[in-house]
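S.K.: Contents of start06.cif (mmCIF, C-alpha atoms) are below:
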data_my_file
#
loop_
_atom_site.label_atom_id
_atom_site.label_comp_id
_atom_site.auth_asym_id
_atom_site.auth_seq_id
_atom_site.Cartn_x
_atom_site.Cartn_y
_atom_site.Cartn_z
CA MET A 19 5.70 27.57 -20.65
CA ASP A 20 3.70 28.80 -17.71
CA GLN A 21 2.52 25.30 -16.87
CA LEU A 22 6.07 24.37 -15.95
CA GLN A 23 6.47 27.08 -13.32
CA CYS A 24 6.39 25.98 -9.73
CA GLY A 25 3.22 27.05 -8.02
CA THR A 26 2.71 28.13 -4.48
CA SER A 27 -0.38 26.02 -3.97
CA PRO A 28 -0.93 24.45 -0.55
CA ILE A 29 -2.85 21.60 -2.18
CA VAL A 30 -1.82 18.14 -1.04
CA GLY A 31 -3.08 15.09 -2.88
CA PHE A 32 -3.12 11.34 -2.29
CA ARG A 33 -3.87 8.90 -5.09
CA PHE A 34 -4.39 5.48 -3.62
CA SER A 35 -6.02 2.11 -3.96
CA LEU A 36 -7.37 -0.04 -1.17
CA HIS A 37 -7.13 -3.77 -1.75
CA PRO A 38 -9.07 -6.08 0.60
CA MET A 39 -7.92 -9.64 -0.03
CA THR A 40 -11.39 -11.14 0.18
CA ASP A 41 -14.22 -12.16 -2.13
CA ARG A 42 -16.21 -9.35 -0.47
CA PHE A 43 -13.67 -6.70 -1.57
CA ALA A 44 -16.23 -4.32 -3.04
CA ASP A 45 -18.25 -4.19 0.20
CA VAL A 46 -15.14 -3.62 2.33
CA ILE A 47 -14.00 -0.73 0.13
CA THR A 48 -17.44 0.87 0.00
CA GLU A 49 -17.99 0.56 3.74
CA ALA A 50 -14.54 1.92 4.63
CA ILE A 51 -15.16 5.01 2.52
CA ASN A 52 -18.74 5.44 3.74
CA GLU A 53 -17.67 5.22 7.39
CA THR A 54 -15.04 7.91 6.85
CA ASP A 55 -15.94 11.61 6.96
CA THR A 56 -14.52 12.75 3.63
CA SER A 57 -16.31 16.11 3.55
CA ALA A 58 -13.09 18.09 4.01
CA VAL A 59 -11.42 16.68 0.88
CA TRP A 60 -12.24 16.61 -2.81
CA MET A 61 -12.50 12.98 -3.87
CA HIS A 62 -12.77 11.13 -7.16
CA THR A 63 -12.70 7.39 -7.88
CA ASP A 64 -11.98 5.76 -11.24
CA ASP A 65 -11.51 2.13 -12.28
CA VAL A 66 -7.99 1.88 -10.83
CA SER A 67 -7.66 4.26 -7.90
CA THR A 68 -9.12 7.06 -5.80
CA VAL A 69 -7.68 10.55 -5.41
CA ILE A 70 -8.29 12.93 -2.52
CA ARG A 71 -7.13 16.57 -2.46
CA GLY A 72 -7.23 19.26 0.18
CA LYS A 73 -5.32 20.68 3.11
CA GLN A 74 -2.50 18.37 4.17
CA ALA A 75 -3.96 17.59 7.60
CA HIS A 76 -7.29 16.53 6.11
CA VAL A 77 -5.69 14.39 3.39
CA PHE A 78 -3.65 12.41 5.93
CA ASN A 79 -6.60 12.22 8.31
CA VAL A 80 -8.91 10.77 5.66
CA ALA A 81 -6.27 8.34 4.37
CA LYS A 82 -5.71 6.97 7.86
CA ALA A 83 -9.42 6.72 8.61
CA ILE A 84 -10.15 4.74 5.45
CA ALA A 85 -7.32 2.31 6.26
CA LEU A 86 -8.48 1.96 9.86
CA HIS A 87 -12.11 1.32 8.95
CA ALA A 88 -11.02 -1.35 6.45
CA ALA A 89 -8.72 -2.89 9.06
CA LYS A 90 -11.58 -3.29 11.51
CA THR A 91 -13.22 -5.85 9.23
CA GLY A 92 -10.36 -8.15 10.18
CA VAL A 93 -9.59 -9.04 6.58
CA HIS A 94 -6.13 -8.65 5.07
CA VAL A 95 -6.09 -5.25 3.36
CA ALA A 96 -3.39 -3.32 1.53
CA LEU A 97 -3.26 0.42 0.97
CA ASN A 98 -0.99 1.64 -1.82
CA GLY A 99 -0.70 5.26 -2.74
CA THR A 100 1.27 8.36 -3.60
CA PHE A 101 1.18 11.62 -1.68
CA SER A 102 2.03 14.62 -3.81
CA ALA A 103 2.38 18.39 -3.41
CA GLY A 104 3.73 21.24 -5.46
CA CYS A 105 3.67 19.59 -8.86
CA PRO A 106 4.32 22.29 -11.48
CA GLY A 107 1.84 20.60 -13.81
CA ASP A 108 -0.95 20.53 -11.24
CA SER A 109 -4.11 22.57 -11.63
CA ALA A 110 -5.63 24.74 -8.93
CA GLY A 111 -9.06 23.12 -9.08
CA ASP A 112 -10.65 20.07 -7.53
CA VAL A 113 -9.82 20.98 -3.98
CA PHE A 114 -11.47 22.24 -0.81
CA LEU A 115 -9.01 24.65 0.80
CA ASP A 116 -11.66 26.69 2.61
CA LYS A 117 -12.53 23.92 5.07
CA PRO A 118 -11.92 24.49 8.79
CA ASP A 119 -8.73 22.92 10.16
CA GLU A 120 -10.54 20.72 12.67
CA LEU A 121 -9.96 17.04 11.89
CA LEU A 122 -13.16 15.10 11.25
CA ASN A 123 -12.01 11.51 11.86
CA THR A 124 -10.92 10.96 15.45
CA ASP A 125 -11.09 7.20 16.01
CA ARG A 126 -7.93 6.27 17.98
CA THR A 127 -8.40 2.49 17.88
CA LYS A 128 -5.01 0.79 17.92
CA GLN A 129 -4.05 -1.24 14.84
CA TYR A 130 -0.70 -2.71 13.89
CA VAL A 131 0.41 -1.91 10.33
CA SER A 132 3.54 -2.80 8.39
CA SER A 133 4.45 -0.46 5.57
CA GLN A 134 7.16 0.80 3.26
CA PHE A 135 7.75 4.32 1.99
CA ALA A 136 9.96 6.26 -0.35
CA LEU A 137 10.45 10.03 -0.67
CA TYR A 138 11.07 11.70 -4.01
CA PRO A 139 11.95 15.39 -3.58
CA MET A 140 11.82 16.61 -7.19
CA ASN A 141 14.37 18.90 -8.86
CA ASN A 142 16.41 19.10 -5.68
CA PRO A 143 20.16 18.42 -5.98
CA GLY A 144 20.26 17.72 -2.24
CA TYR A 145 17.48 15.15 -2.35
CA MET A 146 19.49 12.22 -1.04
CA GLU A 147 20.33 14.15 2.13
CA VAL A 148 16.61 14.90 2.57
CA ILE A 149 15.81 11.19 2.28
CA TYR A 150 18.55 10.08 4.70
CA ARG A 151 17.42 12.72 7.21
CA GLU A 152 13.83 11.47 7.24
CA VAL A 153 14.90 7.83 7.52
CA ASP A 154 17.06 8.81 10.50
CA ARG A 155 14.05 10.52 12.01
CA ALA A 156 12.00 7.34 11.58
CA LYS A 157 14.69 5.45 13.51
CA ALA A 158 14.63 8.04 16.29
CA SER A 159 10.85 7.98 16.55
CA GLY A 160 10.57 4.22 16.94
CA VAL A 161 8.61 3.34 13.80
CA PHE A 162 11.55 2.18 11.67
CA ASN A 163 11.40 -1.50 10.74
CA GLU A 164 14.17 -2.30 8.27
CA SER A 165 16.28 -1.06 5.38
CA MET A 166 15.66 -2.44 1.91
CA HIS A 167 16.21 -1.69 -1.77
CA TYR A 168 14.16 1.29 -3.02
CA ALA A 169 12.20 1.88 0.20
CA SER A 170 12.32 1.87 3.99
CA GLY A 171 10.17 -0.27 6.26
CA ILE A 172 7.96 1.61 8.73
CA HIS A 173 5.69 -0.19 11.19
CA GLY A 174 3.81 0.11 14.44
CA ASP A 175 0.47 1.47 15.52
CA ILE A 176 -1.39 3.06 12.61
CA HIS A 177 -1.56 6.43 14.41
CA ASP A 178 2.20 6.57 15.04
CA VAL A 179 2.91 5.47 11.49
CA PHE A 180 0.64 8.12 9.92
CA ASP A 181 2.04 10.77 12.27
CA PHE A 182 5.51 9.92 11.00
CA TYR A 183 4.41 10.01 7.37
CA GLU A 184 2.76 13.40 7.73
CA GLU A 185 5.82 14.85 9.49
CA ALA A 186 8.18 13.40 6.87
CA PHE A 187 6.02 14.87 4.12
CA SER A 188 6.17 18.29 5.79
CA ASN A 189 9.91 18.13 6.49
CA ALA A 190 10.98 16.95 3.05
CA ARG A 191 9.67 19.96 1.14
CA SER A 192 10.50 23.64 1.37
CA ASP A 193 9.68 26.96 -0.26
CA GLU A 194 12.66 26.41 -2.52
CA HIS A 195 11.78 22.79 -3.34
CA ARG A 196 8.01 22.57 -3.41
CA HIS A 197 7.42 19.47 -5.49
CA LEU A 198 7.49 16.39 -3.30
CA VAL A 199 6.24 12.87 -3.88
CA MET A 200 6.00 10.14 -1.24
CA THR A 201 4.92 6.58 -1.99
CA VAL A 202 3.44 4.42 0.77
CA SER A 203 2.61 0.72 0.63
CA MET A 204 0.82 -0.53 3.73
CA SER A 205 -0.21 -4.03 4.76
CA ILE A 206 -2.78 -4.72 7.50
CA ASN A 207 -3.99 -7.95 9.09
CA SER A 208 -1.51 -9.92 7.01
CA PRO A 209 -0.70 -13.53 7.83
CA SER A 210 2.90 -12.60 6.93
CA HIS A 211 3.32 -10.15 9.81
CA GLY A 212 5.42 -11.76 12.51
CA GLY A 213 5.17 -11.42 16.25
CA ALA A 214 2.42 -11.24 18.86
CA GLY A 215 -0.29 -8.65 18.66
CA ARG A 216 0.33 -8.02 15.00
CA MET B 23 30.09 11.16 0.75
CA ASP B 24 30.75 8.50 -1.85
CA GLN B 25 27.34 6.94 -1.30
CA LEU B 26 25.73 10.06 -2.77
CA GLN B 27 27.59 9.85 -6.08
CA CYS B 28 25.64 8.70 -9.08
CA GLY B 29 26.67 5.23 -10.12
CA THR B 30 26.85 3.76 -13.58
CA SER B 31 25.08 0.55 -12.64
CA PRO B 32 22.74 -1.00 -15.19
CA ILE B 33 20.69 -2.54 -12.37
CA VAL B 34 16.94 -2.06 -12.72
CA GLY B 35 14.65 -2.91 -9.83
CA PHE B 36 10.93 -3.32 -9.31
CA ARG B 37 9.42 -3.35 -5.84
CA PHE B 38 5.81 -4.47 -6.08
CA SER B 39 2.88 -6.10 -4.39
CA LEU B 40 0.28 -8.30 -6.03
CA HIS B 41 -3.19 -8.11 -4.50
CA PRO B 42 -5.74 -10.76 -5.52
CA MET B 43 -9.14 -9.65 -4.21
CA THR B 44 -10.19 -13.12 -3.10
CA ASP B 45 -10.20 -15.24 0.04
CA ARG B 46 -7.68 -17.45 -1.79
CA PHE B 47 -5.19 -14.58 -2.16
CA ALA B 48 -2.19 -16.49 -0.82
CA ASP B 49 -2.65 -19.33 -3.33
CA VAL B 50 -3.04 -16.92 -6.25
CA ILE B 51 0.16 -15.05 -5.34
CA THR B 52 2.15 -18.23 -4.78
CA GLU B 53 0.97 -19.83 -8.01
CA ALA B 54 1.59 -16.69 -10.09
CA ILE B 55 5.17 -16.52 -8.87
CA ASN B 56 5.73 -20.29 -9.19
CA GLU B 57 4.44 -20.30 -12.78
CA THR B 58 6.83 -17.47 -13.72
CA ASP B 59 10.44 -18.18 -14.63
CA THR B 60 12.21 -15.83 -12.25
CA SER B 61 15.68 -17.35 -12.65
CA ALA B 62 17.05 -14.27 -14.47
CA VAL B 63 16.29 -11.86 -11.61
CA TRP B 64 17.29 -11.63 -7.99
CA MET B 65 14.09 -11.76 -5.90
CA HIS B 66 13.22 -11.18 -2.26
CA THR B 67 9.81 -11.11 -0.55
CA ASP B 68 9.01 -9.55 2.82
CA ASP B 69 5.74 -9.01 4.70
CA VAL B 70 4.67 -6.05 2.52
CA SER B 71 6.17 -6.44 -0.96
CA THR B 72 8.50 -8.28 -3.31
CA VAL B 73 11.55 -6.83 -5.03
CA ILE B 74 13.18 -8.11 -8.22
CA ARG B 75 16.49 -6.83 -9.60
CA GLY B 76 18.42 -7.51 -12.77
CA LYS B 77 18.76 -6.46 -16.37
CA GLN B 78 15.94 -4.16 -17.43
CA ALA B 79 14.48 -6.57 -19.99
CA HIS B 80 14.27 -9.39 -17.46
CA VAL B 81 12.71 -7.21 -14.77
CA PHE B 82 9.91 -6.07 -17.07
CA ASN B 83 9.49 -9.59 -18.46
CA VAL B 84 9.09 -11.13 -15.00
CA ALA B 85 6.74 -8.36 -13.80
CA LYS B 86 4.45 -8.89 -16.78
CA ALA B 87 4.51 -12.67 -16.45
CA ILE B 88 3.52 -12.57 -12.78
CA ALA B 89 0.63 -10.22 -13.58
CA LEU B 90 -0.49 -12.37 -16.51
CA HIS B 91 -0.42 -15.62 -14.54
CA ALA B 92 -2.45 -14.02 -11.76
CA ALA B 93 -4.89 -12.62 -14.33
CA LYS B 94 -5.56 -16.08 -15.75
CA THR B 95 -7.21 -17.14 -12.50
CA GLY B 96 -10.03 -14.79 -13.45
CA VAL B 97 -10.05 -13.09 -10.07
CA HIS B 98 -9.73 -9.34 -9.68
CA VAL B 99 -6.05 -8.63 -9.07
CA ALA B 100 -4.08 -5.43 -8.62
CA LEU B 101 -0.37 -4.94 -9.20
CA ASN B 102 1.24 -1.92 -7.54
CA GLY B 103 4.90 -1.17 -7.79
CA THR B 104 7.84 1.11 -8.38
CA PHE B 105 10.48 0.64 -11.05
CA SER B 106 13.79 2.22 -10.15
CA ALA B 107 17.24 2.65 -11.68
CA GLY B 108 20.34 4.67 -10.92
CA CYS B 109 19.63 5.47 -7.29
CA PRO B 110 22.80 6.99 -5.83
CA GLY B 111 22.12 5.18 -2.56
CA ASP B 112 21.75 1.78 -4.17
CA SER B 113 24.20 -1.03 -3.58
CA ALA B 114 25.79 -3.13 -6.30
CA GLY B 115 24.74 -6.46 -4.84
CA ASP B 116 21.61 -8.59 -5.00
CA VAL B 117 21.43 -8.74 -8.76
CA PHE B 118 22.06 -11.15 -11.61
CA LEU B 119 23.63 -9.13 -14.41
CA ASP B 120 25.46 -12.07 -15.98
CA LYS B 121 22.29 -13.74 -17.26
CA PRO B 122 21.79 -14.17 -21.00
CA ASP B 123 19.54 -11.58 -22.65
CA GLU B 124 17.02 -14.13 -23.87
CA LEU B 125 13.62 -13.57 -22.25
CA LEU B 126 12.35 -16.55 -20.31
CA ASN B 127 8.60 -15.81 -20.14
CA THR B 128 7.02 -15.81 -23.58
CA ASP B 129 3.28 -16.34 -22.99
CA ARG B 130 1.48 -13.92 -25.37
CA THR B 131 -2.07 -14.55 -24.09
CA LYS B 132 -4.13 -11.39 -24.51
CA GLN B 133 -5.40 -9.72 -21.33
CA TYR B 134 -7.01 -6.30 -20.89
CA VAL B 135 -5.47 -4.20 -18.12
CA SER B 136 -6.23 -0.71 -16.89
CA SER B 137 -3.38 1.09 -15.18
CA GLN B 138 -1.92 4.42 -14.10
CA PHE B 139 1.69 5.52 -14.07
CA ALA B 140 3.87 8.40 -13.03
CA LEU B 141 7.49 9.16 -13.92
CA TYR B 142 9.88 10.78 -11.46
CA PRO B 143 13.18 11.71 -13.13
CA MET B 144 15.30 12.66 -10.11
CA ASN B 145 17.59 15.69 -9.86
CA ASN B 146 16.69 16.76 -13.38
CA PRO B 147 15.65 20.41 -13.88
CA GLY B 148 14.00 19.42 -17.16
CA TYR B 149 11.93 16.64 -15.61
CA MET B 150 8.51 18.04 -16.52
CA GLU B 151 9.45 18.04 -20.22
CA VAL B 152 10.52 14.40 -19.86
CA ILE B 153 7.15 13.51 -18.35
CA TYR B 154 5.12 15.39 -21.00
CA ARG B 155 7.16 13.74 -23.76
CA GLU B 156 6.41 10.23 -22.50
CA VAL B 157 2.71 10.98 -22.01
CA ASP B 158 2.60 12.25 -25.60
CA ARG B 159 4.24 9.04 -26.70
CA ALA B 160 1.56 7.03 -24.89
CA LYS B 161 -1.09 8.96 -26.82
CA ALA B 162 0.69 8.26 -30.12
CA SER B 163 1.05 4.56 -29.37
CA GLY B 164 -2.62 3.98 -28.58
CA VAL B 165 -2.39 2.95 -24.93
CA PHE B 166 -3.33 6.32 -23.38
CA ASN B 167 -6.61 6.23 -21.46
CA GLU B 168 -7.09 9.55 -19.65
CA SER B 169 -5.42 12.45 -17.86
CA MET B 170 -5.78 12.77 -14.10
CA HIS B 171 -4.19 14.35 -11.06
CA TYR B 172 -0.73 12.91 -10.24
CA ALA B 173 -0.77 10.17 -12.85
CA SER B 174 -1.76 9.20 -16.39
CA GLY B 175 -4.12 6.39 -17.35
CA ILE B 176 -2.66 3.67 -19.57
CA HIS B 177 -4.72 0.72 -20.76
CA GLY B 178 -5.04 -1.99 -23.37
CA ASP B 179 -3.59 -5.43 -23.88
CA ILE B 180 -1.08 -6.30 -21.17
CA HIS B 181 1.72 -6.80 -23.74
CA ASP B 182 1.21 -3.38 -25.34
CA VAL B 183 0.98 -1.74 -21.91
CA PHE B 184 4.20 -3.32 -20.64
CA ASP B 185 5.97 -2.52 -23.93
CA PHE B 186 5.03 1.13 -23.39
CA TYR B 187 6.19 1.10 -19.78
CA GLU B 188 9.56 -0.40 -20.65
CA GLU B 189 10.10 2.11 -23.47
CA ALA B 190 9.09 5.03 -21.26
CA PHE B 191 11.47 3.82 -18.57
CA SER B 192 14.30 3.68 -21.13
CA ASN B 193 13.48 7.05 -22.69
CA ALA B 194 13.11 8.98 -19.44
CA ARG B 195 16.64 8.43 -18.19
CA SER B 196 20.00 9.34 -19.68
CA ASP B 197 23.69 9.20 -18.89
CA GLU B 198 23.37 12.67 -17.42
CA HIS B 199 20.24 11.88 -15.40
CA ARG B 200 20.54 8.25 -14.32
CA HIS B 201 18.18 8.11 -11.35
CA LEU B 202 14.66 7.41 -12.53
CA VAL B 203 11.59 6.19 -10.67
CA MET B 204 8.33 5.05 -12.27
CA THR B 205 5.24 4.05 -10.30
CA VAL B 206 2.67 1.74 -11.85
CA SER B 207 -0.74 0.79 -10.46
CA MET B 208 -2.51 -1.87 -12.51
CA SER B 209 -5.99 -3.34 -12.22
CA ILE B 210 -7.01 -6.60 -13.89
CA ASN B 211 -10.38 -8.38 -14.13
CA SER B 212 -12.05 -5.52 -12.29
CA PRO B 213 -15.83 -5.17 -12.26
CA SER B 214 -15.16 -1.42 -12.60
CA HIS B 215 -13.61 -1.69 -16.06
CA GLY B 216 -16.09 -0.52 -18.66
CA GLY B 217 -16.68 -1.79 -22.17
CA ALA B 218 -16.89 -5.13 -23.90
CA GLY B 219 -14.03 -7.57 -23.76
CA ARG B 220 -12.55 -5.90 -20.74
#
Turn the structure described in the file into C-alpha cells.
M.R.:
Amino acid sequence: MDQLQCGTSPIVGFRFSLHPMTDRFADVITEAINETDTSAVWMHTDDVSTVIRGKQAHVFNVAKAIALHAAKTGVHVALNGTFSAGCPGDSAGDVFLDKPDELLNTDRTKQYVSSQFALYPMNNPGYMEVIYREVDRAKASGVFNESMHYASGIHGDIHDVFDFYEEAFSNARSDEHRHLVMTVSMSINSPSHGGAGR
Amino acid sequence: MDQLQCGTSPIVGFRFSLHPMTDRFADVITEAINETDTSAVWMHTDDVSTVIRGKQAHVFNVAKAIALHAAKTGVHVALNGTFSAGCPGDSAGDVFLDKPDELLNTDRTKQYVSSQFALYPMNNPGYMEVIYREVDRAKASGVFNESMHYASGIHGDIHDVFDFYEEAFSNARSDEHRHLVMTVSMSINSPSHGGAGR
C-alpha cells in the first residue's frame, strides 16, 4: 500500500472558503482574489471552496492577502479553512514548488481579526503536548484571546495573527511526524467584536 | 498528566459558524437558531462561532435543523464546522447527557446541499484506512460527489448528507481510538451549484 506511506513532500495546502455577509458576496470574493497575486500558488475553486498549494510561505501569504483585501471592503467577512501538509494520501501534482521565495503580497495595512484555531498532528502519540505547546506560545506572543471547547481563540492585527499561525504550523510538525492539519476560522469586521478599534 | 489520558465520555461537540451571504445575515442566523429546538444540547456563542455539546444524535439533529432553517430563507448560506469526540483535553462539563433520546427537530423538507468533509482519527496508526473506508461508504451510499485535495465532496438531500456524516462519525472511532475530529464545509442555495433542482 504505497499510497499510505508518508511522503517527504514540502507541499503545503490550504482549502478555504471566504464568506462575505453581504448581498454583493460574489463581487467581494472575486475582487479579493483578483487583487491578490496568486501566481506563486496552484489554485482551484469548486462550488464549495478554494484550494491553494505551494511553498508554505506563499500559501500563508496568499491566504492573508485574500482576507485583507476582502476586509478592506468594510463588510463582515469570514474565512474558514484547513491548512494541511504531509498527508500520506496526497499526490505530488498541482503545485508550484519552483517559484522564488520572495513574497508577492506585501500590503501591511492594519486590520483587527478575531479567529479560532485547532491543531491536529496526525499519527503522533505526543500530539496533545504539541497542541499545548503552541497554545502556550500564542499566550507568550500576545495573540491569545481565550480558551474554549475544541479550539483556541487567537486575535489581534491580521499580520500578527498570520505570523503566529505560520509559526505554529511549522513548529507542530517534524520529520518524524509529517502529517499536520490546522483549522482556522476567522471573523473580520463583525458587529460581534467588542472593544474600540475592532 | 491526567489531563492527557483518554476519557470515556460520550460527549460529542460541534463548533460551527453559519454564514448567510446577505446584508440581513444577523437576522437569518438568529431566526435559524430560534426556529431550532436546541433544548437537548448545551450551546454557547462567541464572536466567531457557536458550539453545541450533547449526545451524538442530538448534536447532529440540531446542526441539520439550523442549516435547514437557514436554507429555507432562500439566501446563499454556508455552514462550516468541526465535530469532535473523545478529546483527551476535554472537560466533562457544559453538556446535557441526561436528555431523552427522542429527536426534537423532525422537519423532513428536502434541500440540496453541496459539502466537503475530512476525517481526522487522532493517535491512530491505521487512520488512513479509516478514512478510505468511510469515503468508500459514501460512494456506496450515493452521496459522494468528487475527490479533491484534503477533503471529499459529499452532496445530495440534506437529510441523506447528514445521515452519512453521522454514520461516518460513528464508524471512524472506536473504544481503542476515541478521539475523532471531522470537519464539514457545506454550501446551500449557491449560484455555483450546477444542475437542475439544485
S.K.: For this structure, which residues satisfy the selection - the PyMOL selection byres ((chain A) within 9 of (chain B)) - when it is evaluated on the file as given? I want them as a ChimeraX atom specification.
M.R.: /A:22,31-33,35,37-44,64-67,69,95-96,98-102,105-109,132-134,138-147,167-169,171,199,201,203-205,208-212
S.K.: Could you check how far CA of Trp60 (chain A) sits from CA of Phe114 (chain A), in Å to one decimal?
M.R.: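 That distance, rounded to one decimal, is 6.0 Å.
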S.K.: Which residue out of A:Ser159, A:Thr48, A:Thr63, A:Thr54 has the minimum interatomic distance to His173 (chain A) when all atoms listed in the file are used?
M.R.: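 Under the stated criterion, the closest residue is A:Ser159.
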S.K.: So the first atom is CA of Ala162 (chain B) and the second is CA of Met204 (chain B); what is the distance between them in Å, to one decimal place?
M.R.: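 Spanning CA of Ala162 (chain B) to CA of Met204 (chain B) is a straight-line distance of 19.7 Å.
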S.K.: Report, in Å with one decimal, the straight-line distance from CA of Arg195 (chain B) to CA of Phe82 (chain B).
M.R.: 16.0 Å
S.K.: Decode the PyMOL selection byres ((chain A and resi 28) around 12) for the given file into explicit residues and return them as JSON, numbers by chain.
M.R.: {"A": [24, 25, 26, 27, 29, 30, 31, 71, 72, 73, 74, 75, 77, 102, 103, 104, 105, 108, 109, 110, 111, 113, 114, 115, 116, 188, 191, 192, 193, 196, 197, 198]}
S.K.: Neighbouring residues of Val84 (chain B) were defined as those with any atom within 9 Å, considering only C-alpha atoms; residues of the same chain fewer than 2 positions away were excluded. Please report them as a list of chain:residue names.
M.R.: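 After dropping sequence-adjacent residues, the list is B:Thr58, B:Asp59, B:Thr60, B:Ala62, B:Val63, B:Ile74, B:Ala79, B:His80, B:Val81, B:Phe82, B:Lys86, B:Ala87, B:Ile88, B:Ala89, B:Leu125, B:Leu126, B:Asn127.
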S.K.: Could the residues in this selection be written to a file with C-alpha atoms, as a short mmCIF file (atom, residue, chain, number, x, y, z; two decimals), in the frame of the given file?
M.R.:
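Written out: result35.cif:
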data_model
loop_
_atom_site.label_atom_id
_atom_site.label_comp_id
_atom_site.auth_asym_id
_atom_site.auth_seq_id
_atom_site.Cartn_x
_atom_site.Cartn_y
_atom_site.Cartn_z
CA THR B 58 6.83 -17.47 -13.72
CA ASP B 59 10.44 -18.18 -14.63
CA THR B 60 12.21 -15.83 -12.25
CA ALA B 62 17.05 -14.27 -14.47
CA VAL B 63 16.29 -11.86 -11.61
CA ILE B 74 13.18 -8.11 -8.22
CA ALA B 79 14.48 -6.57 -19.99
CA HIS B 80 14.27 -9.39 -17.46
CA VAL B 81 12.71 -7.21 -14.77
CA PHE B 82 9.91 -6.07 -17.07
CA LYS B 86 4.45 -8.89 -16.78
CA ALA B 87 4.51 -12.67 -16.45
CA ILE B 88 3.52 -12.57 -12.78
CA ALA B 89 0.63 -10.22 -13.58
CA LEU B 125 13.62 -13.57 -22.25
CA LEU B 126 12.35 -16.55 -20.31
CA ASN B 127 8.60 -15.81 -20.14
#
S.K.: Return as a list in words the set of residues that the PyMOL selection byres ((chain B and resi 133) around 7) yields on the displayed structure.
M.R.: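 When the PyMOL selection byres ((chain B and resi 133) around 7) is applied to the shown file, the picked residues are Thr131, Lys132, Tyr134, Val135, Asp179 and Ile180 of chain B.
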S.K.: Would you kindly return, as a PyMOL selection string, each protein, DNA or RNA residue with an atom no farther than 9 Å from any atom of Ala156 (chain A), considering all atoms listed in the file and excluding same-chain residues fewer than 5 positions away?
M.R.: chain A and resi 151+161-163+172+182+186
S.K.: Within 8 Å of Glu53 (chain B), counting all atoms listed in the file, which residues show up once you throw out same-chain ones fewer than 3 positions away? Write them as a list in words, please.
M.R.: Asp49, Val50, Asn56, Glu57, His91 and Ala92 of chain B
